[in-house]
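Raw protein_7.cif, mmCIF, C-alpha atoms and all ligand atoms:
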data_target
#
loop_
_atom_site.label_atom_id
_atom_site.label_comp_id
_atom_site.auth_asym_id
_atom_site.auth_seq_id
_atom_site.Cartn_x
_atom_site.Cartn_y
_atom_site.Cartn_z
CA MET P 1 -14.96 -8.03 6.98
CA ALA P 2 -11.89 -5.79 6.80
CA GLY P 3 -11.69 -3.50 9.80
CA GLN P 4 -13.67 -5.86 11.94
CA TYR P 5 -10.98 -8.54 12.18
CA ALA P 6 -7.20 -8.66 12.30
CA LYS P 7 -5.24 -9.82 9.26
CA GLU P 8 -4.56 -13.27 10.75
CA THR P 9 -8.30 -13.85 10.98
CA LEU P 10 -8.90 -12.46 7.50
CA CYS P 11 -6.28 -14.85 6.07
CA VAL P 12 -8.19 -17.79 7.47
CA GLN P 13 -11.80 -16.68 7.24
CA ALA P 14 -12.40 -13.82 4.77
CA GLY P 15 -13.99 -14.47 1.39
CA TRP P 16 -16.13 -17.60 1.45
CA LYS P 17 -19.13 -17.27 3.77
CA PRO P 18 -21.09 -20.50 3.68
CA GLY P 19 -24.80 -20.37 4.36
CA ASN P 20 -26.73 -22.96 6.32
CA GLY P 21 -25.82 -26.47 5.14
CA GLU P 22 -23.33 -25.22 2.58
CA PRO P 23 -19.77 -26.59 2.30
CA ARG P 24 -17.40 -25.34 5.00
CA ILE P 25 -14.59 -25.12 2.42
CA LEU P 26 -14.74 -22.80 -0.58
CA PRO P 27 -16.01 -24.97 -3.47
CA ILE P 28 -14.31 -25.00 -6.84
CA TYR P 29 -16.99 -23.79 -9.23
CA GLN P 30 -15.58 -25.80 -12.09
CA SER P 31 -18.01 -24.44 -14.63
CA THR P 32 -17.47 -22.20 -17.60
CA THR P 33 -21.08 -21.13 -17.61
CA PHE P 34 -24.13 -20.46 -15.44
CA LYS P 35 -27.79 -21.26 -16.02
CA TYR P 36 -30.77 -18.87 -16.10
CA GLU P 37 -34.54 -19.36 -16.23
CA THR P 38 -35.35 -16.69 -18.78
CA SER P 39 -33.68 -15.04 -21.70
CA THR P 40 -34.53 -11.63 -20.23
CA GLN P 41 -32.61 -12.39 -17.02
CA MET P 42 -29.55 -13.36 -18.98
CA GLY P 43 -29.87 -10.24 -21.15
CA ARG P 44 -29.87 -8.02 -18.09
CA LEU P 45 -26.55 -9.53 -17.01
CA PHE P 46 -25.02 -8.71 -20.37
CA ASP P 47 -26.25 -5.13 -20.04
CA LEU P 48 -24.70 -4.92 -16.54
CA GLU P 49 -28.20 -4.15 -15.25
CA GLU P 50 -27.89 -6.94 -12.73
CA ASN P 51 -25.07 -8.66 -10.89
CA GLY P 52 -24.59 -12.31 -11.69
CA TYR P 53 -22.39 -14.93 -13.18
CA PHE P 54 -22.69 -15.95 -16.79
CA TYR P 55 -19.26 -16.94 -18.08
CA SER P 56 -16.08 -17.73 -16.12
CA ARG P 57 -13.87 -15.66 -18.40
CA LEU P 58 -15.45 -12.61 -16.76
CA GLN P 59 -16.33 -13.81 -13.28
CA ASN P 60 -16.43 -17.04 -11.32
CA PRO P 61 -17.67 -17.47 -7.74
CA THR P 62 -14.53 -19.29 -6.54
CA ASN P 63 -12.31 -16.57 -7.95
CA ASP P 64 -14.48 -13.81 -6.51
CA CYS P 65 -14.31 -15.26 -2.99
CA VAL P 66 -10.52 -15.40 -3.14
CA ALA P 67 -10.36 -11.87 -4.58
CA ALA P 68 -12.60 -10.73 -1.70
CA LYS P 69 -10.11 -12.18 0.80
CA ILE P 70 -7.20 -10.35 -0.82
CA CYS P 71 -9.33 -7.19 -0.96
CA ALA P 72 -10.01 -7.44 2.78
CA LEU P 73 -6.32 -8.00 3.52
CA GLU P 74 -5.34 -4.91 1.55
CA GLY P 75 -8.23 -2.81 2.87
CA GLY P 76 -9.61 -2.10 -0.62
CA VAL P 77 -13.14 -1.71 -1.98
CA ALA P 78 -12.97 -4.11 -4.92
CA ALA P 79 -10.58 -6.73 -6.31
CA MET P 80 -10.20 -9.25 -9.08
CA LEU P 81 -7.98 -12.22 -9.83
CA THR P 82 -6.00 -12.55 -13.04
CA SER P 83 -4.19 -15.47 -14.65
CA SER P 84 -0.75 -14.16 -13.61
CA GLY P 85 1.07 -11.26 -12.01
CA GLN P 86 1.99 -10.11 -15.49
CA ALA P 87 -1.68 -9.96 -16.45
CA ALA P 88 -2.45 -8.06 -13.23
CA ASN P 89 0.10 -5.34 -13.99
CA TYR P 90 -0.93 -5.20 -17.65
CA TYR P 91 -4.62 -4.81 -16.80
CA ALA P 92 -3.92 -2.37 -13.98
CA VAL P 93 -2.11 -0.03 -16.38
CA PHE P 94 -4.04 -0.65 -19.59
CA ASN P 95 -7.37 -0.16 -17.80
CA ILE P 96 -6.61 3.57 -17.75
CA CYS P 97 -4.32 3.89 -20.80
CA GLU P 98 -4.66 3.86 -24.56
CA ALA P 99 -2.45 4.68 -27.54
CA GLY P 100 -0.92 8.08 -26.86
CA SER P 101 -0.82 7.63 -23.09
CA HIS P 102 2.29 7.86 -20.95
CA VAL P 103 3.30 5.89 -17.85
CA ILE P 104 5.93 6.57 -15.20
CA LEU P 105 7.81 3.44 -14.17
CA SER P 106 10.21 2.85 -11.31
CA ALA P 107 13.55 1.69 -12.74
CA THR P 108 13.87 -1.23 -10.33
CA VAL P 109 10.65 -3.11 -11.10
CA TYR P 110 10.66 -6.84 -11.84
CA GLY P 111 12.17 -7.70 -15.24
CA GLY P 112 8.85 -8.97 -16.60
CA THR P 113 7.08 -5.74 -15.69
CA PHE P 114 9.92 -3.73 -17.19
CA ASN P 115 9.57 -5.58 -20.52
CA LEU P 116 5.80 -5.29 -20.43
CA ILE P 117 5.85 -1.52 -20.13
CA VAL P 118 9.04 -0.63 -22.00
CA ALA P 119 8.76 -3.05 -24.94
CA THR P 120 5.27 -4.52 -25.31
CA MET P 121 3.11 -1.58 -24.29
CA LYS P 122 5.28 0.66 -26.42
CA LYS P 123 3.99 -1.30 -29.42
CA MET P 124 0.47 -0.38 -28.28
CA GLY P 125 1.41 3.29 -28.38
CA VAL P 126 1.93 3.72 -24.64
CA SER P 127 5.19 5.50 -23.86
CA CYS P 128 7.00 5.58 -20.53
CA THR P 129 9.55 7.47 -18.50
CA ILE P 130 11.74 5.46 -16.16
CA VAL P 131 12.50 7.06 -12.82
CA ASP P 132 14.97 6.26 -10.06
CA PRO P 133 12.85 5.22 -7.04
CA ASP P 134 15.31 7.05 -4.78
CA ALA P 135 15.10 10.29 -6.76
CA PRO P 136 14.06 13.38 -4.78
CA ALA P 137 10.47 14.59 -5.19
CA GLU P 138 11.50 17.52 -7.41
CA GLU P 139 13.07 15.12 -9.88
CA LEU P 140 10.02 12.82 -9.89
CA ASP P 141 7.89 15.87 -10.69
CA LYS P 142 9.78 16.43 -13.93
CA ALA P 143 8.82 13.00 -15.27
CA PHE P 144 5.13 13.89 -15.58
CA GLN P 145 3.61 14.89 -18.92
CA ASP P 146 0.12 16.04 -19.93
CA ASN P 147 -0.63 12.52 -21.17
CA THR P 148 0.69 10.71 -18.05
CA LYS P 149 -1.97 8.30 -16.75
CA CYS P 150 -0.31 6.51 -13.83
CA VAL P 151 2.85 5.76 -11.88
CA LEU P 152 3.88 2.12 -11.35
CA ALA P 153 6.39 0.88 -8.74
CA GLU P 154 6.99 -2.03 -6.33
CA THR P 155 6.83 -1.88 -2.53
CA ILE P 156 9.95 -4.05 -2.36
CA ALA P 157 11.56 -4.40 -5.76
CA ASN P 158 12.26 -7.88 -7.12
CA PRO P 159 15.18 -8.71 -7.04
CA VAL P 160 17.08 -5.61 -5.91
CA LEU P 161 15.00 -5.09 -2.74
CA VAL P 162 14.66 -1.35 -3.04
CA VAL P 163 11.98 -0.26 -0.58
CA LEU P 164 9.66 2.30 -2.13
CA ASP P 165 9.01 5.60 -0.43
CA ILE P 166 5.30 5.14 -1.04
CA GLU P 167 4.28 8.53 0.37
CA LYS P 168 6.75 10.36 -1.84
CA PHE P 169 5.46 8.57 -4.95
CA ALA P 170 1.79 8.99 -3.98
CA LYS P 171 2.23 12.73 -3.40
CA ALA P 172 3.95 13.19 -6.76
CA ALA P 173 1.28 11.18 -8.59
CA HIS P 174 -1.61 12.98 -6.90
CA ALA P 175 -0.08 16.41 -7.53
CA HIS P 176 -0.35 15.55 -11.23
CA GLY P 177 -3.84 14.04 -11.02
CA VAL P 178 -2.88 10.41 -11.63
CA PRO P 179 -3.04 7.28 -9.49
CA LEU P 180 -0.12 5.40 -7.95
CA ILE P 181 -0.16 1.69 -8.74
CA VAL P 182 1.97 -0.39 -6.39
CA ASP P 183 2.98 -4.00 -6.94
CA ASN P 184 2.93 -5.36 -3.39
CA THR P 185 4.01 -8.92 -4.23
CA PHE P 186 7.12 -9.12 -2.03
CA ALA P 187 5.86 -7.39 1.10
CA THR P 188 2.38 -8.97 0.90
CA PRO P 189 -0.52 -7.32 2.74
CA ILE P 190 0.75 -8.99 5.92
CA ASN P 191 3.80 -6.72 6.05
CA CYS P 192 2.59 -3.63 4.19
CA ASN P 193 -0.69 -2.04 3.12
CA PRO P 194 0.22 0.54 0.45
CA PHE P 195 -3.28 2.08 0.61
CA LEU P 196 -2.49 3.39 4.10
CA TRP P 197 0.32 5.45 2.54
CA GLY P 198 -1.55 6.88 -0.43
CA ALA P 199 -1.29 4.20 -3.13
CA ASP P 200 -4.50 3.95 -5.16
CA ILE P 201 -4.24 0.54 -6.81
CA VAL P 202 -2.34 -2.52 -5.59
CA THR P 203 -1.31 -5.46 -7.75
CA HIS P 204 0.05 -8.86 -6.82
CA SER P 205 1.73 -11.80 -8.38
CA THR P 206 -0.15 -14.30 -6.20
CA THR P 207 2.29 -16.86 -7.61
CA LYS P 208 4.74 -15.86 -4.88
CA TYR P 209 4.07 -15.70 -1.13
CA MET P 210 0.28 -15.71 -1.40
CA ASP P 211 0.22 -19.12 -3.06
CA GLY P 212 3.37 -19.85 -1.11
CA HIS P 213 3.92 -23.41 -2.34
CA ALA P 214 4.85 -22.83 -6.00
CA MET P 215 1.66 -24.49 -7.18
CA GLY P 216 -0.12 -22.02 -9.41
CA ILE P 217 0.57 -18.88 -11.43
CA GLY P 218 -1.85 -16.08 -10.59
CA GLY P 219 -2.35 -12.39 -10.05
CA ALA P 220 -4.65 -9.93 -8.34
CA ILE P 221 -5.63 -6.28 -8.63
CA VAL P 222 -7.11 -4.39 -5.68
CA ASP P 223 -8.62 -0.90 -5.83
CA SER P 224 -8.60 1.38 -2.80
CA GLY P 225 -11.61 3.19 -4.26
CA ASN P 226 -9.92 6.44 -3.28
CA PHE P 227 -8.87 7.87 -6.62
CA ALA P 228 -11.43 10.40 -7.92
CA TRP P 229 -11.43 9.49 -11.62
CA ASP P 230 -14.35 11.81 -12.33
CA LYS P 231 -12.27 14.80 -11.27
CA TYR P 232 -10.26 14.21 -14.45
CA PRO P 233 -12.81 13.10 -17.07
CA GLY P 234 -10.60 14.20 -19.96
CA LYS P 235 -7.70 12.13 -18.68
CA PHE P 236 -9.67 8.97 -17.97
CA PRO P 237 -12.32 8.73 -20.71
CA GLY P 238 -12.44 4.94 -20.35
CA LEU P 239 -13.92 5.36 -16.89
CA CYS P 240 -15.74 8.68 -17.25
CA ALA P 241 -17.19 8.58 -20.80
CA PRO P 242 -19.88 6.22 -22.15
CA ASP P 243 -18.78 2.68 -23.07
CA GLU P 244 -20.60 1.95 -26.33
CA THR P 245 -19.91 -1.77 -25.95
CA TYR P 246 -22.34 -1.68 -22.99
CA HIS P 247 -24.99 0.64 -24.45
CA GLY P 248 -23.20 3.73 -23.25
CA ILE P 249 -22.85 3.08 -19.52
CA VAL P 250 -20.41 5.33 -17.67
CA TYR P 251 -18.43 3.28 -15.14
CA THR P 252 -17.85 6.03 -12.60
CA LYS P 253 -21.55 6.95 -12.61
CA ARG P 254 -22.91 3.42 -12.47
CA PHE P 255 -20.37 1.74 -10.19
CA GLY P 256 -18.92 4.52 -8.04
CA ARG P 257 -15.89 3.37 -6.09
CA ALA P 258 -15.97 -0.02 -7.83
CA ALA P 259 -15.71 1.61 -11.30
CA TYR P 260 -12.08 0.69 -11.96
CA ILE P 261 -12.36 -3.02 -11.08
CA THR P 262 -15.74 -3.31 -12.80
CA LYS P 263 -14.33 -1.88 -16.01
CA ALA P 264 -11.29 -4.16 -15.88
CA THR P 265 -13.59 -7.15 -15.33
CA VAL P 266 -16.34 -6.49 -17.86
CA GLN P 267 -14.15 -4.94 -20.53
CA LEU P 268 -10.56 -6.21 -20.28
CA MET P 269 -11.47 -9.72 -19.10
CA ARG P 270 -14.19 -9.90 -21.75
CA ASP P 271 -11.81 -8.83 -24.52
CA ILE P 272 -8.42 -10.17 -23.42
CA GLY P 273 -9.44 -13.02 -21.12
CA ALA P 274 -6.49 -13.50 -18.77
CA ALA P 275 -8.76 -15.16 -16.20
CA GLN P 276 -7.49 -17.35 -13.38
CA SER P 277 -8.71 -20.93 -13.39
CA PRO P 278 -10.99 -21.68 -10.41
CA GLN P 279 -8.74 -24.64 -9.52
CA ASN P 280 -5.78 -22.31 -9.11
CA ALA P 281 -7.91 -19.86 -7.15
CA PHE P 282 -8.83 -22.70 -4.78
CA LEU P 283 -5.14 -23.53 -4.23
CA LEU P 284 -4.39 -19.84 -3.78
CA ASN P 285 -7.02 -19.67 -1.07
CA VAL P 286 -5.41 -22.57 0.79
CA GLY P 287 -2.10 -20.71 0.57
CA LEU P 288 -3.66 -17.51 1.86
CA GLU P 289 -4.95 -19.30 4.95
CA THR P 290 -1.36 -19.54 6.26
CA LEU P 291 0.13 -16.40 4.70
CA HIS P 292 0.46 -14.66 8.08
CA LEU P 293 2.28 -17.63 9.64
CA ARG P 294 4.58 -18.17 6.70
CA MET P 295 5.54 -14.50 6.30
CA GLU P 296 6.62 -14.38 9.91
CA ARG P 297 8.91 -17.40 9.40
CA HIS P 298 10.19 -16.27 5.97
CA CYS P 299 11.21 -12.94 7.51
CA ALA P 300 12.76 -14.43 10.65
CA ASN P 301 14.80 -16.92 8.60
CA ALA P 302 15.90 -14.26 6.10
CA GLN P 303 17.00 -11.97 8.92
CA LYS P 304 19.27 -14.68 10.39
CA ILE P 305 20.62 -15.74 7.00
CA ALA P 306 21.36 -12.13 6.03
CA ALA P 307 23.28 -11.60 9.28
CA TYR P 308 25.20 -14.84 8.71
CA LEU P 309 26.16 -13.85 5.15
CA GLU P 310 27.12 -10.34 6.18
CA ALA P 311 29.66 -11.74 8.64
CA HIS P 312 31.10 -14.30 6.17
CA GLU P 313 34.62 -13.62 4.87
CA LYS P 314 33.85 -14.77 1.32
CA VAL P 315 30.80 -12.53 0.98
CA ALA P 316 31.41 -9.13 -0.61
CA TRP P 317 28.04 -7.54 0.12
CA VAL P 318 24.55 -8.34 1.41
CA ASN P 319 21.40 -6.44 0.65
CA TYR P 320 18.43 -7.10 2.91
CA PRO P 321 16.15 -4.26 4.03
CA GLY P 322 15.94 -5.81 7.50
CA LEU P 323 19.69 -5.27 8.06
CA GLN P 324 20.73 -2.05 9.72
CA SER P 325 23.46 -1.73 7.11
CA SER P 326 20.84 -1.50 4.32
CA ARG P 327 20.24 1.93 2.86
CA TYR P 328 16.54 1.00 2.92
CA TYR P 329 16.46 0.07 6.60
CA GLY P 330 14.77 3.36 7.53
CA LEU P 331 12.09 3.09 4.84
CA ALA P 332 11.52 -0.55 5.76
CA GLN P 333 11.05 0.38 9.43
CA LYS P 334 8.52 3.01 8.40
CA TYR P 335 6.45 1.05 5.89
CA MET P 336 6.87 -2.54 7.12
CA PRO P 337 7.98 -2.52 10.76
CA ASN P 338 7.01 -6.17 11.34
CA GLY P 339 9.21 -7.53 8.56
CA THR P 340 9.95 -7.07 4.87
CA CYS P 341 10.17 -10.31 2.90
CA GLY P 342 12.18 -13.53 2.75
CA VAL P 343 14.33 -12.52 -0.20
CA ILE P 344 17.97 -11.52 0.21
CA SER P 345 20.45 -10.50 -2.45
CA PHE P 346 24.20 -10.82 -2.03
CA GLY P 347 27.46 -11.02 -3.94
CA LEU P 348 30.68 -12.93 -3.36
CA LYS P 349 34.21 -11.62 -3.36
CA SER P 350 34.85 -14.12 -6.18
CA GLY P 351 32.25 -12.28 -8.30
CA ARG P 352 30.08 -13.66 -11.08
CA ALA P 353 32.06 -16.88 -11.49
CA GLY P 354 32.01 -17.50 -7.74
CA ALA P 355 28.24 -17.02 -7.69
CA ALA P 356 27.70 -19.78 -10.25
CA ALA P 357 30.16 -22.13 -8.53
CA MET P 358 28.60 -21.62 -5.10
CA MET P 359 25.06 -22.12 -6.37
CA ASP P 360 26.07 -25.44 -7.96
CA GLU P 361 27.28 -26.68 -4.55
CA LEU P 362 24.02 -26.05 -2.70
CA LYS P 363 22.15 -29.17 -1.63
CA LEU P 364 19.07 -27.90 0.20
CA ALA P 365 18.55 -24.62 -1.65
CA ALA P 366 17.51 -25.31 -5.24
CA ILE P 367 18.24 -23.27 -8.35
CA VAL P 368 14.80 -22.25 -9.61
CA THR P 369 13.32 -19.23 -11.38
CA HIS P 370 10.74 -18.95 -8.69
CA VAL P 371 10.98 -17.00 -5.44
CA ALA P 372 8.90 -16.70 -2.35
CA ASP P 373 7.69 -20.19 -1.64
CA ALA P 374 8.11 -22.56 1.28
CA ARG P 375 11.37 -24.05 -0.10
CA THR P 376 14.65 -22.11 -0.01
CA SER P 377 15.82 -21.29 -3.51
CA VAL P 378 18.50 -19.32 -5.34
CA LEU P 379 18.78 -17.58 -8.69
CA HIS P 380 21.37 -15.58 -10.58
CA PRO P 381 19.28 -12.82 -12.22
CA ALA P 382 21.96 -11.63 -14.67
CA SER P 383 22.07 -15.15 -16.18
CA HIS P 384 18.41 -16.01 -15.69
CA THR P 385 15.41 -13.67 -15.21
CA HIS P 386 17.17 -10.51 -16.40
CA ARG P 387 19.31 -11.99 -19.16
CA GLN P 388 17.47 -10.01 -21.86
CA MET P 389 18.72 -6.75 -20.34
CA THR P 390 21.79 -4.92 -21.55
CA GLU P 391 24.62 -4.20 -19.09
CA ALA P 392 23.41 -0.60 -18.96
CA GLN P 393 19.81 -1.63 -18.23
CA LEU P 394 21.04 -4.06 -15.56
CA LYS P 395 22.95 -1.23 -13.95
CA GLU P 396 19.96 1.09 -14.10
CA ALA P 397 17.78 -1.62 -12.55
CA GLY P 398 20.38 -2.08 -9.82
CA VAL P 399 21.04 -5.73 -10.73
CA ALA P 400 24.76 -6.29 -10.23
CA PRO P 401 26.25 -9.02 -12.47
CA ASP P 402 27.31 -10.96 -9.36
CA LEU P 403 23.95 -10.60 -7.57
CA ILE P 404 22.62 -13.87 -6.13
CA ARG P 405 18.96 -13.81 -5.14
CA LEU P 406 18.25 -16.09 -2.21
CA SER P 407 14.66 -16.77 -1.27
CA ALA P 408 14.59 -17.98 2.32
CA GLY P 409 12.04 -20.74 2.79
CA ILE P 410 10.32 -21.82 5.97
CA GLU P 411 12.63 -24.75 6.76
CA ASN P 412 14.74 -24.81 9.92
CA VAL P 413 17.07 -21.85 9.54
CA ASP P 414 20.10 -23.72 10.90
CA ASP P 415 19.78 -26.24 8.06
CA ILE P 416 19.67 -23.44 5.47
CA ILE P 417 22.72 -21.74 6.97
CA ALA P 418 24.61 -25.06 7.14
CA ASP P 419 23.90 -25.59 3.44
CA LEU P 420 25.23 -22.12 2.59
CA ALA P 421 28.26 -22.72 4.81
CA GLN P 422 29.28 -25.96 3.09
CA ALA P 423 28.80 -24.41 -0.38
CA LEU P 424 30.82 -21.32 0.54
CA GLN P 425 33.55 -23.51 1.96
CA LYS P 426 33.98 -25.33 -1.38
CA ILE P 427 34.67 -22.24 -3.46
C1 LIG C 1 6.81 -12.57 -10.29
C2 LIG C 1 6.45 -11.16 -10.26
C3 LIG C 1 5.59 -10.61 -11.23
C4 LIG C 1 5.03 -11.43 -12.36
O1 LIG C 1 4.14 -12.36 -11.85
P1 LIG C 1 3.80 -13.76 -12.57
O2 LIG C 1 2.80 -14.34 -11.65
O3 LIG C 1 5.07 -14.53 -12.66
O4 LIG C 1 3.25 -13.42 -13.91
C5 LIG C 1 5.27 -9.28 -11.13
N1 LIG C 1 5.77 -8.50 -10.13
C6 LIG C 1 6.60 -9.01 -9.19
C7 LIG C 1 7.12 -8.10 -8.12
C8 LIG C 1 6.98 -10.34 -9.22
O5 LIG C 1 7.81 -10.82 -8.29
#
Written as structure tokens, how would this file's structure read?
Ligand SMILES: *Cc1c(COP(=O)(O)O)cnc(C)c1O
Amino acid sequence: MAGQYAKETLCVQAGWKPGNGEPRILPIYQSTTFKYETSTQMGRLFDLEENGYFYSRLQNPTNDCVAAKICALEGGVAAMLTSSGQAANYYAVFNICEAGSHVILSATVYGGTFNLIVATMKKMGVSCTIVDPDAPAEELDKAFQDNTKCVLAETIANPVLVVLDIEKFAKAAHAHGVPLIVDNTFATPINCNPFLWGADIVTHSTTKYMDGHAMGIGGAIVDSGNFAWDKYPGKFPGLCAPDETYHGIVYTKRFGRAAYITKATVQLMRDIGAAQSPQNAFLLNVGLETLHLRMERHCANAQKIAAYLEAHEKVAWVNYPGLQSSRYYGLAQKYMPNGTCGVISFGLKSGRAGAAAMMDELKLAAIVTHVADARTSVLHPASHTHRQMTEAQLKEAGVAPDLIRLSAGIENVDDIIADLAQALQKI
């Protein structure tokens, strides 16, 4: 369906394709298991000889329809849902890594992703090198090792809003024979399609704008199908060498451009099981139906709020890639000319203490961990999401101690600005 229709149409209609007399709305296949007539048929599914559902930990029709919609929006060849954004990034990396592998990580990624790679995957024997996303290409080059398996970065970093130079990262990764994995959560496929700029794999925390209403945790992985794994069989044995747990099938040979997602589904989902519940997938699909409308409003509101804050006497600094004063304005114009995201970060002249005092005075904007849903919200990362980081790590990640993250909702923008104005007046 991708290619044939515009994104707005894909948001509404891609995925579920009812046949004659079937439900108009994607049904929730609330079933752990699926029935077969013969033992042989079922056996063939387990051998991956035939396509079919047998157990919802691996695949479920509701989930697959929603994954197909996200796949169409990103312009990929295959996609899968996961139980969370964390699971999506874990699977995306671990699908091509093992003990002894090395990963290159952008310094400004989301705190949860940072912990996952730097602390948890280290315990699995996967090492990493952290790179400055703004580093020149020559410096990126130096981070690669013989055992490097992928590069992981975010299109728009949460919460510091660094816009990734996707082409620069893709070129560096490809020059060293590894894929670029891009977490596209903040930009969403409405504002940016990383595959068009050379990214190979895209991940999402669907918990954010895609769901859009703060209803369900979820994640997604999409494969462009463009990375030639079989050019590097020694580097990617998991995809290019026989999998003895499936009678020696070779994913790249059997599944071609769908090899990566198939392996993650039949191997990682089978063994680790971070599957999304079909109920949450159903809610996610409802969210996706309005993603294009909401992103437009989130971005328009954020643009006005950012301009308001920038002109306010009590505000020390504002970081929003849609502002001409942003050092990422140029990259944002290149990679996401129709808008970036609804998240703004800013600091007050009264610093860290002022940030806490102002946030307590807000009436419409709520203090929540979440970002990127219909309701305007605020968070102080140094005290909340990033509190496990040392001062040095905070600095490296670009999270200033006074940074307030504001997630512009889709309410009337004048009401949001009035709320900020009254809170700023009180401090
Ligand atoms: C929230 C977030 C994640 C983690 O997703 P969960 O759904 O909370 O597990 C990963 N990456 C980015 C950019 C995020 O904003």
Name the residues in contact with Lys231 (chain P) at a cut-off of 12 Å, using all atoms listed in the file, excluding same-chain residues fewer than 4 positions from it; report them as a PyMOL selection string.
chain P and resi 174+176-178+226-227+235-237+239-240+252
Quick one: which chain P residues come within 9 Å of ligand LIG 1 (chain C), and what is the nearest atom pair for each with the distance in Å to one decimal, counting all atoms listed in the file, rows ordered by chain and ascending number, as JSON lines?
{"residue": "P:Ser83", "atom": "CA", "partner": "C:LIG1", "partner_atom": "O2", "distance": 7.7}
{"residue": "P:Ser84", "atom": "CA", "partner": "C:LIG1", "partner_atom": "O2", "distance": 4.1}
{"residue": "P:Gly85", "atom": "CA", "partner": "C:LIG1", "partner_atom": "O1", "distance": 3.3}
{"residue": "P:Gln86", "atom": "CA", "partner": "C:LIG1", "partner_atom": "O4", "distance": 3.9}
{"residue": "P:Ala87", "atom": "CA", "partner": "C:LIG1", "partner_atom": "O4", "distance": 6.5}
{"residue": "P:Ala88", "atom": "CA", "partner": "C:LIG1", "partner_atom": "O4", "distance": 7.9}
{"residue": "P:Asn89", "atom": "CA", "partner": "C:LIG1", "partner_atom": "C5", "distance": 7.1}
{"residue": "P:Val109", "atom": "CA", "partner": "C:LIG1", "partner_atom": "C7", "distance": 6.8}
{"residue": "P:Tyr110", "atom": "CA", "partner": "C:LIG1", "partner_atom": "C7", "distance": 5.3}
{"residue": "P:Gly111", "atom": "CA", "partner": "C:LIG1", "partner_atom": "C5", "distance": 8.2}
{"residue": "P:Gly112", "atom": "CA", "partner": "C:LIG1", "partner_atom": "C4", "distance": 6.2}
{"residue": "P:Thr113", "atom": "CA", "partner": "C:LIG1", "partner_atom": "C5", "distance": 6.0}
{"residue": "P:Glu154", "atom": "CA", "partner": "C:LIG1", "partner_atom": "C7", "distance": 6.3}
{"residue": "P:Thr155", "atom": "CA", "partner": "C:LIG1", "partner_atom": "C7", "distance": 8.4}
{"residue": "P:Ile156", "atom": "CA", "partner": "C:LIG1", "partner_atom": "C7", "distance": 7.6}
{"residue": "P:Ala157", "atom": "CA", "partner": "C:LIG1", "partner_atom": "C7", "distance": 6.2}
{"residue": "P:Asn158", "atom": "CA", "partner": "C:LIG1", "partner_atom": "C7", "distance": 5.2}
{"residue": "P:Pro159", "atom": "CA", "partner": "C:LIG1", "partner_atom": "O5", "distance": 7.8}
{"residue": "P:Asp183", "atom": "CA", "partner": "C:LIG1", "partner_atom": "C7", "distance": 5.9}
{"residue": "P:Asn184", "atom": "CA", "partner": "C:LIG1", "partner_atom": "C7", "distance": 6.9}
{"residue": "P:Thr185", "atom": "CA", "partner": "C:LIG1", "partner_atom": "C7", "distance": 5.0}
{"residue": "P:Phe186", "atom": "CA", "partner": "C:LIG1", "partner_atom": "C7", "distance": 6.2}
{"residue": "P:Thr203", "atom": "CA", "partner": "C:LIG1", "partner_atom": "N1", "distance": 8.1}
{"residue": "P:His204", "atom": "CA", "partner": "C:LIG1", "partner_atom": "N1", "distance": 6.6}
{"residue": "P:Ser205", "atom": "CA", "partner": "C:LIG1", "partner_atom": "O1", "distance": 4.3}
{"residue": "P:Thr206", "atom": "CA", "partner": "C:LIG1", "partner_atom": "O2", "distance": 6.2}
{"residue": "P:Thr207", "atom": "CA", "partner": "C:LIG1", "partner_atom": "O2", "distance": 4.8}
{"residue": "P:Lys208", "atom": "CA", "partner": "C:LIG1", "partner_atom": "C1", "distance": 6.7}
{"residue": "P:Gly216", "atom": "CA", "partner": "C:LIG1", "partner_atom": "O2", "distance": 8.5}
{"residue": "P:Ile217", "atom": "CA", "partner": "C:LIG1", "partner_atom": "O2", "distance": 5.1}
{"residue": "P:Gly218", "atom": "CA", "partner": "C:LIG1", "partner_atom": "O2", "distance": 5.1}
{"residue": "P:Gly219", "atom": "CA", "partner": "C:LIG1", "partner_atom": "O2", "distance": 5.7}
{"residue": "P:His370", "atom": "CA", "partner": "C:LIG1", "partner_atom": "C1", "distance": 7.7}
{"residue": "P:Val371", "atom": "CA", "partner": "C:LIG1", "partner_atom": "O5", "distance": 7.5}
{"residue": "P:Ala372", "atom": "CA", "partner": "C:LIG1", "partner_atom": "O5", "distance": 8.4}
If I take CA of Gly287 (chain P) and CA of His213 (chain P), how far is one from the other in Å, to one decimal?
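Between these atoms lies a distance of 7.2 Å.
Excluding Val66 (chain P) itself and same-chain residues fewer than 5 positions from it, the residues having an atom within 7 Å of it are Gly15, Ala281 and Asn285 of chain P, counting all atoms listed in the file.
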Using only C-alpha atoms, which residues of region 125-213 of chain P come within 12 Å of region 388-397 of chain P, and what is the closest atom pair for each, with the distance in Å to one decimal? Give it as a Markdown table, sorted by chain and residue number.
| residue | atom | partner | partner_atom | distance |
| --- | --- | --- | --- | --- |
| P:Ile130 | CA | P:Glu396 | CA | 9.5 |
| P:Val131 | CA | P:Glu396 | CA | 9.6 |
| P:Asp132 | CA | P:Glu396 | CA | 8.2 |
| P:Pro133 | CA | P:Ala397 | CA | 10.1 |
| P:Asp134 | CA | P:Ala397 | CA | 11.9 |
| P:Ala157 | CA | P:Ala397 | CA | 9.6 |
| P:Asn158 | CA | P:Ala397 | CA | 10.0 |
| P:Pro159 | CA | P:Ala397 | CA | 9.3 |
| P:Val160 | CA | P:Ala397 | CA | 7.8 |
| P:Leu161 | CA | P:Ala397 | CA | 10.8 |
| P:Val162 | CA | P:Ala397 | CA | 10.0 |
